[in-house]
Amino acid sequence: MSDKAYALFEEQQANRGIDLAAVKAKLKALKVETPSWGYGDSGTRFKVFKQNGVPRNPFEKFEDAAQVHKLTGVCPSVAIHIPWDKVDDYAKLKQHAADLGVSIGAVNPNLFQEDDYIFGSVTNSNAAIRRKATDHLLECVDIAKTVGSDVLSLWFADGSNYPGQVDIRARKTWMYESLNEMYNAMTPNMRMLIEYKFYEPAFYHTDLADWGMAFNMANKLGPQAEVLVDTGHHPQGTNIEHIVTYLLDENKLGGFHFNSRKYGDDDLIVGSVNPYELFLIFYQIIDAANDKNPQIRQAANNIAYMIDQSHNIERKIPAMLRSVLNVQTQYAKALLINLDEVKDAQERQDVLGAEDAVRKAFEFDVTPLLQAVREEIGVPVDPMKAYLESGYDESINVRGKGGASW
């Protein structure tokens with residue numbers, strides 16, 4: 001890193017009234033969870049593309065995830081998906097993670113890949129299948145207890161394709177009954193994060209189709225249930241930062257699955273399509289973290305940031321690194337917003353002044369800031385370059401093709 005470049009950046013921000021020491025402290029505190037499934041083979045609706053070197057089991061997934069944390073310093077936990085990451089001894093997997101310098105994060109049940117779930121899982125009209133699905137949710141609570149996870153992340157593919165195909169109101173009741181049983185099995189420190197999606201794989205209706213339905217379900221279940229926002233799970237043009245703000249104000253924003261989309265739920269590298277949207281999401285969170293209301297501040301500081309993307313054609317670890325680095329970049333830019341300047345313009349109803357106060361933070365090159373933070377926490381100033389030069393990507397090719405996939 002150039003000391004001259006950082007000194008110039010520091011002076012520039014001081015002149016704007018930005019406390020760069022406080023900004024750096026917040027950047028160092030940022031934690032982004034990577035998903036085990038992001039390191040395995042994945043693909044489209046038409047084909048899973050096999051790559052050389054992908055992990056063959058959950059233990060190797062954690063080895064790859066540990067590389068991302070080693071190079072960035074901000075990815076200390078790894079989400080698991082059951083049964084994709086099912087093992088005979090979860091205590092052994094937990095110890096393996098610890099030996100690598102990471103931990104097991106959110107536990108994600110899978111209720112969409114068995115033949116029994118063709119017409120739904122917890123909303124299936126067949127009571128035996130609903131029981132099977134609920135038992136799987138309870139299994140995941142037990143796994144979370146074993147590995148020390150305090151987050152259960154839920155997404156349901158349940159829905160229908162045609163009018164009249166199902167009893168939508170009955171399914172709403174069945175889903176609540178199942179989630180309530182799971183909720184009651186959780187320990188007091190656990191959180192249930194409820195994800196929503198407006199379509200796919202169901203095309204007429206989805207049982208949890210939007211943030212309002214997830215919010216309503218979380219409210220009915222209790223304070224340990226919150227909403228998870230997947231940035232790819234919205235109709236075109238949705239103002240996601242508005243949803244984020246609303247949920248923050250209601251103390252119901254539990255976490256994010258970060259990815260990018262262009263048309264549907266594309267699960268692309270985070271920040272690759274619309275980085276300004278990611279920046280604006282962080283702006284709303286940072287603004288809430290500075291609110292006078294302690295409950296809102298607490299909500300803003302208790303968000304689970306998780307990556308959720310499907311690397312189809314790109315190499316797994318470099319793609320994951322790029323997502324994490326893009327999150328860091330947009331968070332750093334959002335931290336440069338002078339909130340007092342924004343508030344002043346808002347109070348004067350200065351439309352362009354308020355917009356300018358937000359936008360100009362986005363336009364800064366935060367490379368000197370991020371490089372300084374990385375130096376201070378002891379990771380490479382250019383994590384991507386360090387990875388590509390490390391030889392790790394070549395070393396894992398001995399695994400061959402045919403590794404773990406969904």
# chains A, B, ... in the order shown; residues from 1 in each chain; ligands from 1
call {"tool": "residues_around", "arguments": {"residues": "region 49-66 of chain A", "least_positions_apart": "3", "cutoff": "9 Å", "atoms": "only C-alpha atoms", "output": "PyMOL selection string"}}
result
chain A and resi 34-44+69-71+75-78+80+84-87+93+96-97+100-104+312-313+315-317+320+393-405
call {"tool": "select_by_dssp", "arguments": {"residues": "region 57-172 of chain A", "states": "helix (DSSP H, G or I)", "output": "NGL selection string"}}
result
:A and (58-72 or 90-99 or 115-119 or 127-147 or 168-172)
call {"tool": "closest_residue", "arguments": {"among": "A:Gly73, A:Gly148, A:Gly391, A:Gly237", "to": "Ala98 (chain A)", "atoms": "only C-alpha atoms"}}
result
A:Gly148
call {"tool": "residues_around", "arguments": {"residues": "region 220-234 of chain A", "least_positions_apart": "6", "cutoff": "9 Å", "atoms": "only C-alpha atoms", "output": "MDAnalysis selection string"}}
result
chainID A and resid 153:154 176 179:180 183 186 188:199 209:211 214 240 243:244 247 251:262 264:268 278 304 308
call {"tool": "residues_around", "arguments": {"residues": "Leu27 (chain A)", "least_positions_apart": "4", "cutoff": "10 Å", "atoms": "only C-alpha atoms", "output": "number ranges by chain"}}
result
A: 21-23, 31, 74, 328-329, 331-332, 335, 369-370, 373-374
call {"tool": "select_by_dssp", "arguments": {"residues": "region 151-325 of chain A", "states": "strand (DSSP E)", "output": "MDAnalysis selection string"}}
result
chainID A and resid 151:154 159:160 191:195 205:206 225:230 253:258 304:307
